[in-house]
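Colleague: Structure file run.json, JSON, C-alpha atoms, is pasted below:
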```json
[["chain", "number", "residue", "atom", "x", "y", "z"],
["A", 30, "MET", "CA", -4.97, -3.84, -76.90],
["A", 31, "ASP", "CA", -8.26, -3.64, -78.77],
["A", 32, "SER", "CA", -9.34, -0.30, -80.22],
["A", 33, "ASP", "CA", -12.68, 1.26, -79.30],
["A", 34, "SER", "CA", -14.17, 0.25, -82.65],
["A", 35, "GLN", "CA", -13.12, -3.39, -82.14],
["A", 36, "LEU", "CA", -14.64, -3.36, -78.65],
["A", 37, "VAL", "CA", -17.82, -1.78, -80.04],
["A", 38, "ALA", "CA", -18.05, -4.51, -82.71],
["A", 39, "ARG", "CA", -17.64, -7.21, -80.03],
["A", 40, "SER", "CA", -20.22, -5.48, -77.80],
["A", 41, "GLN", "CA", -22.64, -5.39, -80.72],
["A", 42, "SER", "CA", -22.40, -9.18, -80.95],
["A", 43, "GLY", "CA", -23.25, -9.49, -77.25],
["A", 44, "ASP", "CA", -19.77, -9.67, -75.67],
["A", 45, "GLN", "CA", -20.24, -8.17, -72.20],
["A", 46, "GLN", "CA", -16.49, -8.30, -71.43],
["A", 47, "ALA", "CA", -15.90, -5.94, -74.35],
["A", 48, "PHE", "CA", -18.59, -3.59, -73.07],
["A", 49, "ALA", "CA", -17.03, -3.70, -69.58],
["A", 50, "GLU", "CA", -13.70, -2.68, -71.15],
["A", 51, "LEU", "CA", -15.41, 0.28, -72.86],
["A", 52, "VAL", "CA", -16.88, 1.26, -69.48],
["A", 53, "ARG", "CA", -13.40, 1.02, -67.88],
["A", 54, "ARG", "CA", -11.93, 3.26, -70.59],
["A", 55, "HIS", "CA", -14.59, 5.93, -70.69],
["A", 56, "SER", "CA", -16.18, 6.05, -67.22],
["A", 57, "GLY", "CA", -13.62, 8.56, -65.86],
["A", 58, "PRO", "CA", -14.01, 11.11, -68.68],
["A", 59, "VAL", "CA", -17.80, 10.64, -68.72],
["A", 60, "PHE", "CA", -17.98, 11.29, -64.96],
["A", 61, "ARG", "CA", -15.68, 14.33, -65.20],
["A", 62, "LEU", "CA", -17.69, 15.78, -68.08],
["A", 63, "ALA", "CA", -20.97, 15.30, -66.18],
["A", 64, "LEU", "CA", -19.45, 16.89, -63.08],
["A", 65, "SER", "CA", -18.09, 19.81, -65.07],
["A", 66, "ILE", "CA", -21.62, 20.59, -66.24],
["A", 67, "LEU", "CA", -23.42, 19.97, -62.94],
["A", 68, "GLY", "CA", -20.87, 21.61, -60.64],
["A", 69, "ARG", "CA", -18.84, 20.25, -57.77],
["A", 70, "GLU", "CA", -21.76, 20.10, -55.32],
["A", 71, "PHE", "CA", -23.51, 17.42, -57.39],
["A", 72, "VAL", "CA", -21.12, 14.45, -57.23],
["A", 73, "PRO", "CA", -23.82, 11.76, -56.65],
["A", 74, "GLU", "CA", -25.87, 13.16, -59.54],
["A", 75, "ALA", "CA", -22.82, 13.07, -61.81],
["A", 76, "GLU", "CA", -22.37, 9.39, -60.93],
["A", 77, "ASP", "CA", -26.05, 8.77, -61.74],
["A", 78, "VAL", "CA", -25.56, 10.52, -65.08],
["A", 79, "ALA", "CA", -22.53, 8.29, -65.82],
["A", 80, "GLN", "CA", -24.61, 5.19, -65.04],
["A", 81, "GLU", "CA", -27.57, 6.31, -67.17],
["A", 82, "VAL", "CA", -25.23, 7.16, -70.04],
["A", 83, "PHE", "CA", -23.67, 3.69, -70.08],
["A", 84, "LEU", "CA", -27.08, 2.00, -69.83],
["A", 85, "LYS", "CA", -28.30, 4.12, -72.76],
["A", 86, "VAL", "CA", -25.16, 3.30, -74.74],
["A", 87, "HIS", "CA", -25.56, -0.42, -74.02],
["A", 88, "HIS", "CA", -29.16, -0.27, -75.18],
["A", 89, "ALA", "CA", -28.31, 1.67, -78.36],
["A", 90, "ILE", "CA", -24.93, 0.14, -79.23],
["A", 91, "ALA", "CA", -26.45, -2.07, -81.93],
["A", 92, "SER", "CA", -27.47, 1.06, -83.82],
["A", 93, "PHE", "CA", -24.01, 2.67, -83.55],
["A", 94, "ARG", "CA", -22.63, 2.67, -87.09],
["A", 95, "GLY", "CA", -19.21, 4.14, -86.32],
["A", 96, "GLU", "CA", -19.60, 7.27, -88.44],
["A", 97, "ALA", "CA", -18.17, 9.21, -85.48],
["A", 98, "GLU", "CA", -15.65, 8.09, -82.85],
["A", 99, "PHE", "CA", -17.20, 6.09, -80.03],
["A", 100, "GLY", "CA", -15.76, 8.65, -77.59],
["A", 101, "SER", "CA", -17.43, 11.60, -79.32],
["A", 102, "TRP", "CA", -20.73, 9.72, -79.36],
["A", 103, "ILE", "CA", -20.68, 8.87, -75.66],
["A", 104, "TYR", "CA", -19.50, 12.37, -74.64],
["A", 105, "ARG", "CA", -22.34, 13.95, -76.62],
["A", 106, "ILE", "CA", -24.85, 11.69, -74.85],
["A", 107, "THR", "CA", -23.25, 12.62, -71.51],
["A", 108, "PHE", "CA", -23.43, 16.33, -72.25],
["A", 109, "ASN", "CA", -27.13, 16.16, -73.15],
["A", 110, "GLN", "CA", -27.97, 13.91, -70.19],
["A", 111, "ALA", "CA", -26.15, 16.20, -67.72],
["A", 112, "VAL", "CA", -27.71, 19.38, -69.14],
["A", 113, "ASN", "CA", -31.18, 17.80, -68.90],
["A", 114, "LEU", "CA", -30.55, 16.72, -65.31],
["A", 115, "LYS", "CA", -29.23, 20.17, -64.44],
["A", 116, "ALA", "CA", -32.42, 21.74, -65.73],
["A", 117, "ARG", "CA", -34.36, 19.42, -63.40],
["A", 118, "VAL", "CA", -32.22, 19.98, -60.28],
["A", 119, "ARG", "CA", -31.54, 23.69, -60.84],
["A", 120, "PHE", "CA", -33.82, 24.88, -58.05],
["A", 121, "ARG", "CA", -32.96, 22.13, -55.59],
["A", 122, "ASN", "CA", -30.50, 22.69, -52.75],
["A", 123, "PRO", "CA", -27.10, 21.15, -53.41],
["A", 124, "HIS", "CA", -25.71, 18.46, -51.06],
["A", 125, "GLN", "CA", -23.05, 20.90, -49.93],
["A", 126, "ASP", "CA", -22.69, 24.62, -50.42],
["A", 127, "GLU", "CA", -20.20, 25.18, -53.24],
["A", 128, "THR", "CA", -18.32, 27.88, -51.31],
["A", 129, "VAL", "CA", -17.62, 25.43, -48.46],
["A", 130, "LEU", "CA", -15.87, 23.20, -50.98],
["A", 131, "TYR", "CA", -13.91, 26.16, -52.37],
["A", 132, "ASP", "CA", -12.84, 27.09, -48.83],
["A", 133, "ALA", "CA", -11.68, 23.56, -48.15],
["A", 134, "ALA", "CA", -9.50, 23.74, -51.23],
["A", 135, "THR", "CA", -7.56, 26.86, -50.26],
["A", 136, "PRO", "CA", -4.99, 27.25, -47.48],
["A", 137, "GLU", "CA", -6.00, 29.05, -44.27],
["A", 138, "PRO", "CA", -5.53, 32.86, -44.67],
["A", 139, "ALA", "CA", -5.75, 35.61, -42.00],
["A", 140, "PRO", "CA", -9.34, 36.22, -40.67],
["A", 141, "ASP", "CA", -9.93, 39.54, -42.54],
["A", 142, "ARG", "CA", -8.52, 38.07, -45.76],
["A", 143, "ARG", "CA", -10.62, 34.96, -45.19],
["A", 144, "ALA", "CA", -13.88, 36.92, -45.22],
["A", 145, "GLU", "CA", -12.80, 38.76, -48.36],
["A", 146, "THR", "CA", -11.74, 35.52, -50.07],
["A", 147, "ALA", "CA", -15.02, 33.82, -49.13],
["A", 148, "GLN", "CA", -17.01, 36.75, -50.52],
["A", 149, "ARG", "CA", -14.99, 36.80, -53.71],
["A", 150, "ASP", "CA", -15.25, 33.03, -54.16],
["A", 151, "GLN", "CA", -18.99, 33.14, -53.63],
["A", 152, "ALA", "CA", -19.33, 35.93, -56.18],
["A", 153, "LEU", "CA", -17.18, 33.98, -58.61],
["A", 154, "ALA", "CA", -19.24, 30.79, -58.10],
["A", 155, "GLU", "CA", -22.45, 32.74, -58.72],
["A", 156, "CYS", "CA", -20.99, 34.35, -61.85],
["A", 157, "ILE", "CA", -19.85, 30.97, -63.19],
["A", 158, "ARG", "CA", -23.37, 29.60, -62.74],
["A", 159, "THR", "CA", -24.75, 32.38, -64.98],
["A", 160, "LEU", "CA", -22.49, 31.41, -67.91],
["A", 161, "PRO", "CA", -23.71, 29.21, -70.79],
["A", 162, "GLU", "CA", -23.33, 25.47, -70.05],
["A", 163, "VAL", "CA", -20.42, 24.91, -72.45],
["A", 164, "TYR", "CA", -18.44, 27.79, -70.92],
["A", 165, "GLN", "CA", -19.06, 26.50, -67.39],
["A", 166, "SER", "CA", -18.01, 23.04, -68.45],
["A", 167, "ALA", "CA", -14.88, 24.29, -70.23],
["A", 168, "LEU", "CA", -13.86, 26.38, -67.19],
["A", 169, "ARG", "CA", -14.35, 23.56, -64.70],
["A", 170, "LEU", "CA", -12.55, 21.03, -66.89],
["A", 171, "TYR", "CA", -9.62, 23.40, -67.41],
["A", 172, "TYR", "CA", -9.25, 24.98, -63.97],
["A", 173, "TRP", "CA", -10.65, 22.34, -61.63],
["A", 174, "PHE", "CA", -9.67, 19.08, -63.31],
["A", 175, "GLY", "CA", -6.53, 20.55, -64.87],
["A", 176, "ALA", "CA", -7.48, 19.23, -68.32],
["A", 177, "GLY", "CA", -5.52, 20.58, -71.27],
["A", 178, "VAL", "CA", -7.22, 22.44, -74.13],
["A", 179, "GLY", "CA", -7.08, 19.24, -76.20],
["A", 180, "GLU", "CA", -8.97, 17.24, -73.59],
["A", 181, "VAL", "CA", -11.55, 20.04, -73.10],
["A", 182, "ALA", "CA", -12.06, 20.05, -76.88],
["A", 183, "GLU", "CA", -12.39, 16.25, -77.04],
["A", 184, "LEU", "CA", -14.91, 16.05, -74.20],
["A", 185, "LEU", "CA", -17.03, 18.89, -75.56],
["A", 186, "GLY", "CA", -16.76, 17.60, -79.13],
["A", 187, "ILE", "CA", -15.31, 20.84, -80.52],
["A", 188, "PRO", "CA", -12.06, 21.80, -82.29],
["A", 189, "ASP", "CA", -9.10, 22.92, -80.12],
["A", 190, "ASN", "CA", -9.36, 26.52, -81.32],
["A", 191, "THR", "CA", -13.03, 26.66, -80.35],
["A", 192, "ALA", "CA", -12.17, 25.35, -76.88],
["A", 193, "LYS", "CA", -9.53, 28.10, -76.56],
["A", 194, "SER", "CA", -12.01, 30.75, -77.62],
["A", 195, "TYR", "CA", -14.67, 29.37, -75.20],
["A", 196, "LEU", "CA", -12.17, 29.71, -72.34],
["A", 197, "HIS", "CA", -11.19, 33.20, -73.44],
["A", 198, "ARG", "CA", -14.82, 34.30, -73.80],
["A", 199, "ALA", "CA", -15.75, 32.74, -70.43],
["A", 200, "ARG", "CA", -12.93, 34.66, -68.72],
["A", 201, "GLN", "CA", -14.06, 37.90, -70.38],
["A", 202, "LEU", "CA", -17.67, 37.35, -69.31],
["A", 203, "LEU", "CA", -16.60, 36.53, -65.76],
["A", 204, "GLN", "CA", -14.46, 39.64, -65.56],
["A", 205, "GLY", "CA", -17.42, 41.78, -66.65],
["A", 206, "ARG", "CA", -19.82, 40.15, -64.23],
["A", 207, "LEU", "CA", -17.41, 40.37, -61.30],
["A", 208, "ARG", "CA", -16.89, 44.05, -62.09],
["A", 209, "GLU", "CA", -20.68, 44.54, -61.95],
["A", 210, "LYS", "CA", -20.59, 43.00, -58.46],
["A", 211, "GLY", "CA", -17.83, 45.37, -57.36],
["A", 212, "PHE", "CA", -14.80, 43.10, -57.78],
["A", 213, "PHE", "CA", -11.98, 44.49, -59.91],
["A", 214, "TYR", "CA", -9.20, 42.32, -61.34],
["A", 215, "ASP", "CA", -7.59, 44.43, -64.08],
["B", 27, "MET", "CA", -1.98, 26.24, -71.69],
["B", 28, "THR", "CA", -3.73, 28.95, -73.76],
["B", 29, "LYS", "CA", -1.86, 32.12, -74.73],
["B", 30, "MET", "CA", -3.50, 34.95, -72.77],
["B", 31, "GLU", "CA", -3.81, 38.68, -73.06],
["B", 32, "PRO", "CA", -2.39, 40.53, -70.00],
["B", 33, "ARG", "CA", -5.88, 41.52, -68.75],
["B", 34, "ASP", "CA", -6.86, 37.84, -68.79],
["B", 35, "THR", "CA", -4.00, 36.92, -66.45],
["B", 36, "ALA", "CA", -5.65, 38.33, -63.30],
["B", 37, "ILE", "CA", -8.91, 36.45, -63.81],
["B", 38, "ASP", "CA", -6.90, 33.38, -64.81],
["B", 39, "SER", "CA", -5.03, 33.30, -61.48],
["B", 40, "LEU", "CA", -8.27, 34.00, -59.60],
["B", 41, "LEU", "CA", -9.90, 31.00, -61.32],
["B", 42, "ARG", "CA", -6.87, 28.84, -60.62],
["B", 43, "ARG", "CA", -6.97, 29.72, -56.93],
["B", 44, "SER", "CA", -10.73, 29.49, -56.52],
["B", 45, "LEU", "CA", -11.50, 26.41, -58.57],
["B", 46, "ALA", "CA", -8.52, 24.36, -57.42],
["B", 47, "GLY", "CA", -9.62, 21.60, -55.12],
["B", 48, "PRO", "CA", -9.94, 17.89, -54.62],
["B", 49, "VAL", "CA", -11.15, 16.12, -57.76],
["B", 50, "PRO", "CA", -13.82, 13.51, -56.91],
["B", 51, "SER", "CA", -13.67, 10.16, -58.60],
["B", 52, "LEU", "CA", -16.24, 7.48, -59.30],
["B", 53, "ALA", "CA", -17.06, 4.99, -56.55],
["B", 54, "PRO", "CA", -14.68, 2.00, -56.75],
["B", 55, "ASP", "CA", -17.59, -0.40, -57.30],
["B", 56, "PHE", "CA", -19.12, 1.72, -60.10],
["B", 57, "GLU", "CA", -18.20, -0.70, -62.88],
["B", 58, "GLU", "CA", -19.41, -3.72, -60.93],
["B", 59, "ARG", "CA", -22.78, -2.08, -60.14],
["B", 60, "LEU", "CA", -23.16, -0.89, -63.72],
["B", 61, "MET", "CA", -22.43, -4.31, -65.23],
["B", 62, "ARG", "CA", -24.89, -5.92, -62.80],
["B", 63, "GLU", "CA", -27.52, -3.43, -63.97],
["B", 64, "VAL", "CA", -26.60, -4.11, -67.63],
["B", 65, "ARG", "CA", -27.03, -7.88, -67.13],
["B", 66, "GLN", "CA", -30.39, -7.40, -65.39],
["B", 67, "THR", "CA", -31.61, -5.05, -68.14],
["B", 68, "THR", "CA", -30.44, -7.46, -70.86],
["B", 69, "ARG", "CA", -32.21, -10.40, -69.18],
["B", 70, "ALA", "CA", -35.41, -8.39, -68.67],
["B", 71, "PHE", "CA", -35.32, -7.18, -72.28],
["B", 72, "ALA", "CA", -34.75, -10.73, -73.61],
["B", 73, "ARG", "CA", -37.65, -12.05, -71.51],
["B", 74, "TYR", "CA", -39.91, -9.23, -72.68],
["B", 75, "ARG", "CA", -38.96, -9.90, -76.32],
["B", 76, "ARG", "CA", -39.64, -13.64, -75.90],
["B", 77, "ILE", "CA", -43.04, -13.00, -74.30],
["B", 78, "LEU", "CA", -43.96, -10.51, -77.04],
["B", 79, "LEU", "CA", -42.91, -12.90, -79.83],
["B", 80, "THR", "CA", -44.77, -15.81, -78.22],
["B", 81, "CYS", "CA", -47.95, -13.75, -77.90],
["B", 82, "TYR", "CA", -47.60, -12.57, -81.49],
["B", 83, "GLY", "CA", -47.05, -16.13, -82.72],
["B", 84, "LEU", "CA", -50.00, -17.57, -80.81],
["B", 85, "THR", "CA", -52.33, -14.78, -81.97],
["B", 86, "SER", "CA", -51.22, -15.32, -85.58],
["B", 87, "VAL", "CA", -51.76, -19.08, -85.37],
["B", 88, "VAL", "CA", -55.24, -18.75, -83.86],
["B", 89, "THR", "CA", -56.29, -15.98, -86.29],
["B", 90, "SER", "CA", -55.00, -17.92, -89.31],
["B", 91, "ALA", "CA", -56.73, -21.10, -88.17],
["B", 92, "VAL", "CA", -60.05, -19.31, -87.61],
["B", 93, "VAL", "CA", -59.87, -17.50, -90.98],
["B", 94, "MET", "CA", -58.91, -20.67, -92.92],
["B", 95, "ARG", "CA", -61.57, -22.68, -91.13],
["B", 96, "GLY", "CA", -64.08, -19.97, -92.04],
["B", 97, "GLN", "CA", -63.08, -20.45, -95.68],
["B", 98, "GLY", "CA", -64.10, -24.10, -95.37],
["B", 99, "LEU", "CA", -60.66, -25.74, -95.15],
["B", 100, "GLY", "CA", -60.21, -28.97, -93.16],
["B", 101, "TRP", "CA", -57.96, -29.21, -90.08],
["B", 102, "GLU", "CA", -55.22, -31.19, -91.91],
["B", 103, "PRO", "CA", -54.43, -28.53, -94.55],
["B", 104, "ILE", "CA", -54.72, -25.83, -91.87],
["B", 105, "ALA", "CA", -52.19, -27.65, -89.68],
["B", 106, "ALA", "CA", -49.89, -28.20, -92.67],
["B", 107, "MET", "CA", -50.04, -24.53, -93.65],
["B", 108, "ILE", "CA", -49.27, -23.36, -90.09],
["B", 109, "LEU", "CA", -46.71, -25.95, -89.09],
["B", 110, "GLY", "CA", -44.88, -25.98, -92.46],
["B", 111, "PRO", "CA", -43.58, -22.38, -92.24],
["B", 112, "LEU", "CA", -42.87, -22.84, -88.52],
["B", 113, "ALA", "CA", -40.70, -25.89, -89.30],
["B", 114, "LEU", "CA", -38.95, -23.89, -92.00],
["B", 115, "VAL", "CA", -38.25, -21.01, -89.61],
["B", 116, "ALA", "CA", -36.77, -23.46, -87.10],
["B", 117, "ALA", "CA", -34.77, -25.39, -89.73],
["B", 118, "VAL", "CA", -33.06, -22.48, -91.50],
["B", 119, "PRO", "CA", -30.91, -21.27, -88.56],
["B", 120, "TRP", "CA", -30.11, -24.88, -87.65],
["B", 121, "ALA", "CA", -29.04, -25.65, -91.26],
["B", 122, "TRP", "CA", -27.02, -22.41, -91.42],
["B", 123, "ARG", "CA", -25.20, -23.27, -88.18],
["B", 124, "ALA", "CA", -24.51, -26.82, -89.36],
["B", 125, "THR", "CA", -23.11, -25.60, -92.71],
["B", 126, "HIS", "CA", -21.02, -22.93, -90.98],
["B", 127, "MET", "CA", -19.54, -25.48, -88.54],
["B", 128, "THR", "CA", -18.72, -27.91, -91.38],
["B", 129, "MET", "CA", -17.02, -25.18, -93.42],
["B", 130, "ARG", "CA", -14.99, -24.06, -90.39],
["B", 131, "HIS", "CA", -14.05, -27.68, -89.67],
["B", 132, "HIS", "CA", -12.81, -28.10, -93.27],
["B", 133, "GLY", "CA", -10.99, -24.78, -93.05],
["B", 134, "ASP", "CA", -8.98, -26.03, -90.03]]
```
Take the structure in the file and give it back as structure tokens.
Modeller:
Amino acid sequence: MDSDSQLVARSQSGDQQAFAELVRRHSGPVFRLALSILGREFVPEAEDVAQEVFLKVHHAIASFRGEAEFGSWIYRITFNQAVNLKARVRFRNPHQDETVLYDAATPEPAPDRRAETAQRDQALAECIRTLPEVYQSALRLYYWFGAGVGEVAELLGIPDNTAKSYLHRARQLLQGRLREKGFFYD
Amino acid sequence: MTKMEPRDTAIDSLLRRSLAGPVPSLAPDFEERLMREVRQTTRAFARYRRILLTCYGLTSVVTSAVVMRGQGLGWEPIAAMILGPLALVAAVPWAWRATHMTMRHHGD
């Protein structure tokens, strides 16, 4: 199987099959990274980001000199593209309320517990949205997609130890913010 | 899995419970749609580049002809000076391809 750099070289000489193979390899991670930044209520937007990223990459592939890994390059473009889009859609209503999606994910509890869980999940979702983009992304990749620290680090273009410390710091911040809202988890 | 302090464990299980959920995936026809878009963009870009080059070439030819004519040159030398470089530009890639093919043929 060809390596990424071989496929990039073939794409640079106009081989569209090679570019399609690069798309096949990286579309999943690119989509997950975009979604981890935008949040689970913006699935169509994450798909748009993935498409724009690959079109940008196709347009700029001739100028890619291979100083960095192709993966790191495309994930950096994805991160910037998703953050820019998020800034544009920040004040728009999502397609679906995030708490509805959280509720769908959890098993049916007793009615009084359900109200408490919904409240807590809503508070948590709001607190997550106040975190810096990289922390939000790291949390969603780790807890929602079940990515390991290595994968979080690769997608965010940071060393493993930095990814660990981002997750640790994000948890600390969340704990503080939930406490401010009257939720205690010590 | 990261090694956690005990006070992190509670928030960790809360995040696990709250964020767990179905993971969406890309539409099955994503790659097909993307490659269609790539082909269209490539074709449009190639057409745009061809139009731009043609316009540039025609403007250069007309400007050169007008300037040389203004200097008092006849049409024959003007034509030779414009068509000569054009023929060279066309011949170089052709000659390079021919040489390359011959060398590859001898290599086999």
Colleague: Which residues are close to A:His88, i.e. within 12 Å by all atoms listed in the file, leaving aside same-chain residues fewer than 6 positions away? Reply as a PyMOL selection string.
Modeller: (chain A and resi 40-41+43+48+81-82) or (chain B and resi 63-65+67-68+71-72)
Colleague: Which of these residues is nearest to chain A, using all atoms listed in the file: B:Ala113, B:Ala53, B:Leu78, B:Met94?
Modeller: B:Ala53
Colleague: Kindly assemble as a Markdown table a list of the chain B residues that lie within 12 Å of chain A, each paired with its nearest atom pair and their distance in Å to one decimal, using all atoms listed in the file, sorted first by chain and then by ascending residue number.
Modeller:
```
| residue | atom | partner | partner_atom | distance |
| --- | --- | --- | --- | --- |
| B:Met27 | CA | A:Gly177 | CA | 6.7 |
| B:Thr28 | CA | A:Lys193 | CA | 6.5 |
| B:Lys29 | CA | A:Lys193 | CA | 8.9 |
| B:Met30 | CA | A:His197 | CA | 7.9 |
| B:Glu31 | CA | A:His197 | CA | 9.2 |
| B:Pro32 | CA | A:Asp215 | CA | 8.8 |
| B:Arg33 | CA | A:Asp215 | CA | 5.8 |
| B:Asp34 | CA | A:Arg200 | CA | 6.9 |
| B:Thr35 | CA | A:Asp215 | CA | 8.7 |
| B:Ala36 | CA | A:Tyr214 | CA | 5.7 |
| B:Ile37 | CA | A:Tyr214 | CA | 6.4 |
| B:Asp38 | CA | A:Arg200 | CA | 7.3 |
| B:Ser39 | CA | A:Tyr172 | CA | 9.7 |
| B:Leu40 | CA | A:Tyr214 | CA | 8.6 |
| B:Leu41 | CA | A:Tyr172 | CA | 6.6 |
| B:Arg42 | CA | A:Tyr172 | CA | 5.6 |
| B:Arg43 | CA | A:Thr135 | CA | 7.3 |
| B:Ser44 | CA | A:Tyr131 | CA | 6.2 |
| B:Leu45 | CA | A:Trp173 | CA | 5.2 |
| B:Ala46 | CA | A:Trp173 | CA | 5.1 |
| B:Gly47 | CA | A:Ala134 | CA | 4.4 |
| B:Pro48 | CA | A:Ala134 | CA | 6.8 |
| B:Val49 | CA | A:Phe174 | CA | 6.5 |
| B:Pro50 | CA | A:Val72 | CA | 7.4 |
| B:Ser51 | CA | A:Gly57 | CA | 7.4 |
| B:Leu52 | CA | A:Glu76 | CA | 6.6 |
| B:Ala53 | CA | A:Glu76 | CA | 8.2 |
| B:Pro54 | CA | A:Arg53 | CA | 11.2 |
| B:Asp55 | CA | A:Arg53 | CA | 11.5 |
| B:Phe56 | CA | A:Gln80 | CA | 8.2 |
| B:Glu57 | CA | A:Val52 | CA | 7.0 |
| B:Glu58 | CA | A:Ala49 | CA | 9.0 |
| B:Arg59 | CA | A:Gln80 | CA | 9.0 |
| B:Leu60 | CA | A:Gln80 | CA | 6.4 |
| B:Met61 | CA | A:Ala49 | CA | 7.0 |
| B:Arg62 | CA | A:Ala49 | CA | 10.6 |
| B:Glu63 | CA | A:Leu84 | CA | 8.0 |
| B:Val64 | CA | A:Leu84 | CA | 6.5 |
| B:Arg65 | CA | A:Gln45 | CA | 8.5 |
| B:Gln66 | CA | A:Leu84 | CA | 10.9 |
| B:Thr67 | CA | A:Leu84 | CA | 8.5 |
| B:Thr68 | CA | A:His88 | CA | 8.5 |
| B:Phe71 | CA | A:His88 | CA | 9.7 |
| B:Ala72 | CA | A:His88 | CA | 12.0 |
```
Colleague: Mind writing the picked residues with C-alpha atoms as an mmCIF file, in the coordinates of the input?
Modeller:
```
data_model
loop_
_atom_site.group_PDB
_atom_site.id
_atom_site.type_symbol
_atom_site.label_atom_id
_atom_site.label_comp_id
_atom_site.auth_asym_id
_atom_site.auth_seq_id
_atom_site.Cartn_x
_atom_site.Cartn_y
_atom_site.Cartn_z
ATOM 1 C CA MET B 27 -1.980 26.240 -71.690
ATOM 2 C CA THR B 28 -3.730 28.950 -73.760
ATOM 3 C CA LYS B 29 -1.860 32.120 -74.730
ATOM 4 C CA MET B 30 -3.500 34.950 -72.770
ATOM 5 C CA GLU B 31 -3.810 38.680 -73.060
ATOM 6 C CA PRO B 32 -2.390 40.530 -70.000
ATOM 7 C CA ARG B 33 -5.880 41.520 -68.750
ATOM 8 C CA ASP B 34 -6.860 37.840 -68.790
ATOM 9 C CA THR B 35 -4.000 36.920 -66.450
ATOM 10 C CA ALA B 36 -5.650 38.330 -63.300
ATOM 11 C CA ILE B 37 -8.910 36.450 -63.810
ATOM 12 C CA ASP B 38 -6.900 33.380 -64.810
ATOM 13 C CA SER B 39 -5.030 33.300 -61.480
ATOM 14 C CA LEU B 40 -8.270 34.000 -59.600
ATOM 15 C CA LEU B 41 -9.900 31.000 -61.320
ATOM 16 C CA ARG B 42 -6.870 28.840 -60.620
ATOM 17 C CA ARG B 43 -6.970 29.720 -56.930
ATOM 18 C CA SER B 44 -10.730 29.490 -56.520
ATOM 19 C CA LEU B 45 -11.500 26.410 -58.570
ATOM 20 C CA ALA B 46 -8.520 24.360 -57.420
ATOM 21 C CA GLY B 47 -9.620 21.600 -55.120
ATOM 22 C CA PRO B 48 -9.940 17.890 -54.620
ATOM 23 C CA VAL B 49 -11.150 16.120 -57.760
ATOM 24 C CA PRO B 50 -13.820 13.510 -56.910
ATOM 25 C CA SER B 51 -13.670 10.160 -58.600
ATOM 26 C CA LEU B 52 -16.240 7.480 -59.300
ATOM 27 C CA ALA B 53 -17.060 4.990 -56.550
ATOM 28 C CA PRO B 54 -14.680 2.000 -56.750
ATOM 29 C CA ASP B 55 -17.590 -0.400 -57.300
ATOM 30 C CA PHE B 56 -19.120 1.720 -60.100
ATOM 31 C CA GLU B 57 -18.200 -0.700 -62.880
ATOM 32 C CA GLU B 58 -19.410 -3.720 -60.930
ATOM 33 C CA ARG B 59 -22.780 -2.080 -60.140
ATOM 34 C CA LEU B 60 -23.160 -0.890 -63.720
ATOM 35 C CA MET B 61 -22.430 -4.310 -65.230
ATOM 36 C CA ARG B 62 -24.890 -5.920 -62.800
ATOM 37 C CA GLU B 63 -27.520 -3.430 -63.970
ATOM 38 C CA VAL B 64 -26.600 -4.110 -67.630
ATOM 39 C CA ARG B 65 -27.030 -7.880 -67.130
ATOM 40 C CA GLN B 66 -30.390 -7.400 -65.390
ATOM 41 C CA THR B 67 -31.610 -5.050 -68.140
ATOM 42 C CA THR B 68 -30.440 -7.460 -70.860
ATOM 43 C CA PHE B 71 -35.320 -7.180 -72.280
ATOM 44 C CA ALA B 72 -34.750 -10.730 -73.610
#
```
Colleague: Counting only C-alpha atoms, I want the residues whose atoms come within 10 Å of (-20.5, 17.8, -73.6) in the file frame, returned as a PyMOL selection string.
Modeller: chain A and resi 59+62-63+65-66+101-112+162-163+166-167+181-187
Colleague: Mind pulling up the distance from atom CA of B:Pro119 to atom CA of B:Arg76?
Modeller: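 Between these atoms lies a distance of 17.2 Å.
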Colleague: Please write out, as AutoDock Vina command-line options, where the centre of an axis-aligned box around all listed atoms of stretch 102-111 of chain B lies and how long its edges are, in Å to one decimal, after adding 8 Å on each side.
Modeller:
```
--center_x -49.4 --center_y -26.8 --center_z -91.8 --size_x 27.6 --size_y 24.8 --size_z 21.5
```
Colleague: Using all atoms listed in the file, find the one residue out of A:Gly68, A:Gly211, A:Pro58, A:Pro188 that sits nearest to A:Gln148.
Modeller: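 Among the listed residues, A:Gly211 lies closest to A:Gln148.
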Colleague: As an exercise, work out the distance from atom CA of A:Lys115 to atom CA of A:Leu202 in Å and give it to one decimal place.
Modeller: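 Between atom CA of A:Lys115 and atom CA of A:Leu202 the gap works out to 21.3 Å.
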Colleague: Of the candidates B:Thr80, B:Met129, B:Arg69, B:Ala105, which shows the shortest atom-to-atom distance to B:Val92, using all atoms listed in the file?
Modeller: B:Ala105
Colleague: Enter the distance from atom CA of A:Asn113 to atom CA of B:Ala70, in Å, rounded to one decimal.
Modeller: 26.5 Å
Colleague: Using all atoms listed in the file, pick whichever of A:Arg198, A:Ser42, A:Ala116, A:Ala144 has the shortest atom-to-atom distance to A:Gln165.
Modeller: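 Among the listed residues, the smallest separation from A:Gln165 belongs to A:Arg198.
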Colleague: Hey, which of A:Tyr195, A:Ala38, A:Asp33, A:Phe212 ends up closest to A:Ser92? Count only C-alpha atoms.
Modeller: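 Ranked by minimum distance to A:Ser92, first place goes to A:Ala38.
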